[in-house]
Each structure stands twice: as structure tokens, then as C-alpha cells.
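Okay, so here's the structure we're looking at.
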Amino acid sequence: MSNLEQTLSIIKPDAVERNLDLEIKQMFKNNGFVIIKEKKIQIEKSEAEKFYKVHETKPFYNDLCSYLSSGPIVVMILEKKNAVLANRELMGATNPKDAIEGTIRKKFGLSIDKNSVHGSDSLENAKLEIDFFFKD
Ligand code: CMP
């Protein structure tokens, strides 16, 4: 299958803290994603700064990096046909207020910062983000 893709998903600190990781993983599985690899970790702020480097000029960069490193996260490699787009659809809009019914961020997101999940925004970034967390 030529368009079988892998994408990176992060269950963010707000969701892990509320013990939503199993429920969110089940949503991925119910939507046909296979979790190829996963680990629960906590990262340093310096690592979050590298991960979100693409946002370094944004006004929210510092808070974003502090937040991602503020508690345990679950990082996963998800696989499915057209996984990058399918994951973005399942997550819903970045701001939970704008997310449609049935999406993860609509169901669990608290705010634009505490929006429960991250997902790669392109196939190219998916490869970089998977390497970032899973290249040993
Ligand atoms: P995420 O998909 O992890 O990518 C970058 C994150 O920055 C995004 O989710 C949001 O949680 C966070 N963020 C905070 N403020 C903004 C903003 N104004 N626009 C986009 N993303 C924002």
C-alpha cells in the first residue's frame, strides 16, 4: 500500500495528568491507527525547545516549551493509510474551541495551550519528529 504513512503523536501533560492516555489511545485504535511504538517520558525544556524549533519566533514559544516539559507525556508512532492527515482530522482544530464534535481536542482539550495532543503537520515533519523521539 503506497500511502501507508507513519506520523508522530504526543499526548500532552494536561491529558496524561488527567489519566486520559488510555482513552485517547483507544480513539486512535478505533479510527484504524496502529501504535507502532510508544513511550511515556518527561522531557527537559531544552529538548522541547528543539522539538518546537519551527515555532521559535512565535510569541507563545517560551510558554509552549515550558508546558511540554512540565509533566509526563506519551509519544507514539502511529501508522495508517494517509496517517498524517487522518491524525490531524481526528485531533481537530488547534484551539479546542474551534474543534468539531468527535475530535480529541473537542472532547478533552482545555485551551489552545492545553490542547491534549500534538500531531505532525506534514509527512516531512513526521519523519523528523519520529526520529527526534525514537532514533536511538
Ligand atoms: P501543537 O500542535 O502542539 O503545535 C504547537 C502548539 O502551540 C499548538 O499545538 C498549541 O498548543 C500551541 N499554541 C499556543 N498558542 C498558539 C497559537 N496562537 N497558535 C497556534 N498554536 C498555539
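Note on naming: chains are A, B, ... as they come in the C-alpha cells, residues start from 1 per chain, ligands start from 1 in the order shown.
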Please build the interface table for range 8-30 of chain A against range 34-51 of chain A with a cut-off of 10 Å, listing for each qualifying residue the nearest atom pair and the distance in Å to one decimal; count only C-alpha atoms, order rows by chain and increasing number, and write it as JSON lines.
{"residue": "A:Leu8", "atom": "CA", "partner": "A:Lys37", "partner_atom": "CA", "distance": 9.8}
{"residue": "A:Ser9", "atom": "CA", "partner": "A:Glu38", "partner_atom": "CA", "distance": 9.3}
{"residue": "A:Ile10", "atom": "CA", "partner": "A:Glu38", "partner_atom": "CA", "distance": 9.5}
{"residue": "A:Ile11", "atom": "CA", "partner": "A:Lys40", "partner_atom": "CA", "distance": 9.2}
{"residue": "A:Pro13", "atom": "CA", "partner": "A:Gln42", "partner_atom": "CA", "distance": 9.0}
{"residue": "A:Val16", "atom": "CA", "partner": "A:Lys40", "partner_atom": "CA", "distance": 9.2}
{"residue": "A:Asp21", "atom": "CA", "partner": "A:Lys40", "partner_atom": "CA", "distance": 9.8}
{"residue": "A:Lys25", "atom": "CA", "partner": "A:Ile35", "partner_atom": "CA", "distance": 8.3}
{"residue": "A:Phe28", "atom": "CA", "partner": "A:Val34", "partner_atom": "CA", "distance": 7.7}
{"residue": "A:Lys29", "atom": "CA", "partner": "A:Val34", "partner_atom": "CA", "distance": 6.2}
{"residue": "A:Asn30", "atom": "CA", "partner": "A:Val34", "partner_atom": "CA", "distance": 9.5}
Neighbours of ligand 1 within 7 Å, counting only C-alpha atoms and all ligand atoms, as a PDB file with N, CA, C and O atoms, in the first residue's frame?
ATOM      1  N   PHE A  60       4.281  32.660  21.582  1.00  0.00           N
ATOM      2  CA  PHE A  60       3.914  31.629  22.557  1.00  0.00           C
ATOM      3  C   PHE A  60       4.986  30.554  22.739  1.00  0.00           C
ATOM      4  O   PHE A  60       4.790  29.595  23.494  1.00  0.00           O
ATOM      5  N   LEU A  64       5.016  27.514  25.478  1.00  0.00           N
ATOM      6  CA  LEU A  64       4.778  26.214  24.855  1.00  0.00           C
ATOM      7  C   LEU A  64       5.835  25.201  25.291  1.00  0.00           C
ATOM      8  O   LEU A  64       5.517  24.056  25.647  1.00  0.00           O
ATOM      9  N   THR A  94      -6.531  23.249  16.297  1.00  0.00           N
ATOM     10  CA  THR A  94      -5.548  23.536  17.351  1.00  0.00           C
ATOM     11  C   THR A  94      -6.221  24.097  18.598  1.00  0.00           C
ATOM     12  O   THR A  94      -5.906  23.712  19.720  1.00  0.00           O
ATOM     13  N   ILE A 112      -6.038  26.529  24.040  1.00  0.00           N
ATOM     14  CA  ILE A 112      -5.132  26.382  22.897  1.00  0.00           C
ATOM     15  C   ILE A 112      -3.772  25.826  23.339  1.00  0.00           C
ATOM     16  O   ILE A 112      -3.113  25.111  22.588  1.00  0.00           O
ATOM     17  N   ASP A 113      -3.360  26.112  24.561  1.00  0.00           N
ATOM     18  CA  ASP A 113      -2.092  25.561  25.071  1.00  0.00           C
ATOM     19  C   ASP A 113      -2.283  24.125  25.548  1.00  0.00           C
ATOM     20  O   ASP A 113      -1.528  23.232  25.176  1.00  0.00           O
ATOM     21  N   LYS A 114      -3.285  23.944  26.380  1.00  0.00           N
ATOM     22  CA  LYS A 114      -3.561  22.609  26.924  1.00  0.00           C
ATOM     23  C   LYS A 114      -4.563  21.919  26.007  1.00  0.00           C
ATOM     24  O   LYS A 114      -5.719  21.679  26.383  1.00  0.00           O
ATOM     25  N   ASN A 115      -4.092  21.606  24.798  1.00  0.00           N
ATOM     26  CA  ASN A 115      -4.996  21.032  23.801  1.00  0.00           C
ATOM     27  C   ASN A 115      -4.806  19.527  23.630  1.00  0.00           C
ATOM     28  O   ASN A 115      -5.147  18.947  22.609  1.00  0.00           O
ATOM     29  N   VAL A 117      -3.253  16.990  22.678  1.00  0.00           N
ATOM     30  CA  VAL A 117      -2.458  16.190  21.749  1.00  0.00           C
ATOM     31  C   VAL A 117      -1.703  17.073  20.752  1.00  0.00           C
ATOM     32  O   VAL A 117      -2.139  18.182  20.427  1.00  0.00           O
ATOM     33  N   HIS A 118      -0.573  16.534  20.298  1.00  0.00           N
ATOM     34  CA  HIS A 118       0.169  17.117  19.179  1.00  0.00           C
ATOM     35  C   HIS A 118       0.228  16.070  18.083  1.00  0.00           C
ATOM     36  O   HIS A 118       0.331  14.875  18.373  1.00  0.00           O
ATOM     37  N   GLY A 119       0.205  16.508  16.844  1.00  0.00           N
ATOM     38  CA  GLY A 119       0.417  15.591  15.729  1.00  0.00           C
ATOM     39  C   GLY A 119       1.225  16.269  14.650  1.00  0.00           C
ATOM     40  O   GLY A 119       1.097  17.488  14.449  1.00  0.00           O
TER      41      GLY A 119
END
Residue nearest Leu68 in chain A - candidates A:Gly102, A:Phe134, A:Lys12, A:Gln6, atoms counted: only C-alpha atoms: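 Closest residue, counting only C-alpha atoms: A:Lys12.
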Helix (DSSP H, G or I) positions in range 36-90 of chain A, given as a list in words: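 DSSP-assigned helix (DSSP H, G or I) residues in range 36-90 of chain A: Lys45, Ser46, Glu47, Ala48, Glu49, Lys50, Phe51, Lys53, Val54, His55, Tyr61, Asn62, Asp63, Leu64, Cys65, Ser66, Tyr67, Leu68, Ala83, Val84, Leu85, Ala86, Asn87, Arg88, Glu89 and Leu90 of chain A.
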Exercise: Tyr52 in chain A partners within 8 Å, only C-alpha atoms, chain neighbours under 4 positions left out, as a list in words: Ala48, Glu56, Tyr61 and Cys65 of chain A
Would you output that residue set with C-alpha atoms, as an mmCIF file, in the first residue's frame?
data_model
loop_
_atom_site.group_PDB
_atom_site.id
_atom_site.type_symbol
_atom_site.label_atom_id
_atom_site.label_comp_id
_atom_site.auth_asym_id
_atom_site.auth_seq_id
_atom_site.Cartn_x
_atom_site.Cartn_y
_atom_site.Cartn_z
ATOM 1 C CA ALA A 48 11.073 20.890 23.997
ATOM 2 C CA GLU A 56 10.826 29.771 17.868
ATOM 3 C CA TYR A 61 7.185 29.678 22.062
ATOM 4 C CA CYS A 65 8.194 24.726 25.655
#
For CA of Ala83 in chain A and CA of Leu4 in chain A, the interatomic separation in Å (one decimal):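 According to the coordinates, CA of Ala83 in chain A and CA of Leu4 in chain A are separated by 7.2 Å.
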Picked from chain A by DSSP as strand (DSSP E or B), as a ChimeraX atom specification: /A:4-11,34-41,73-81,117-119
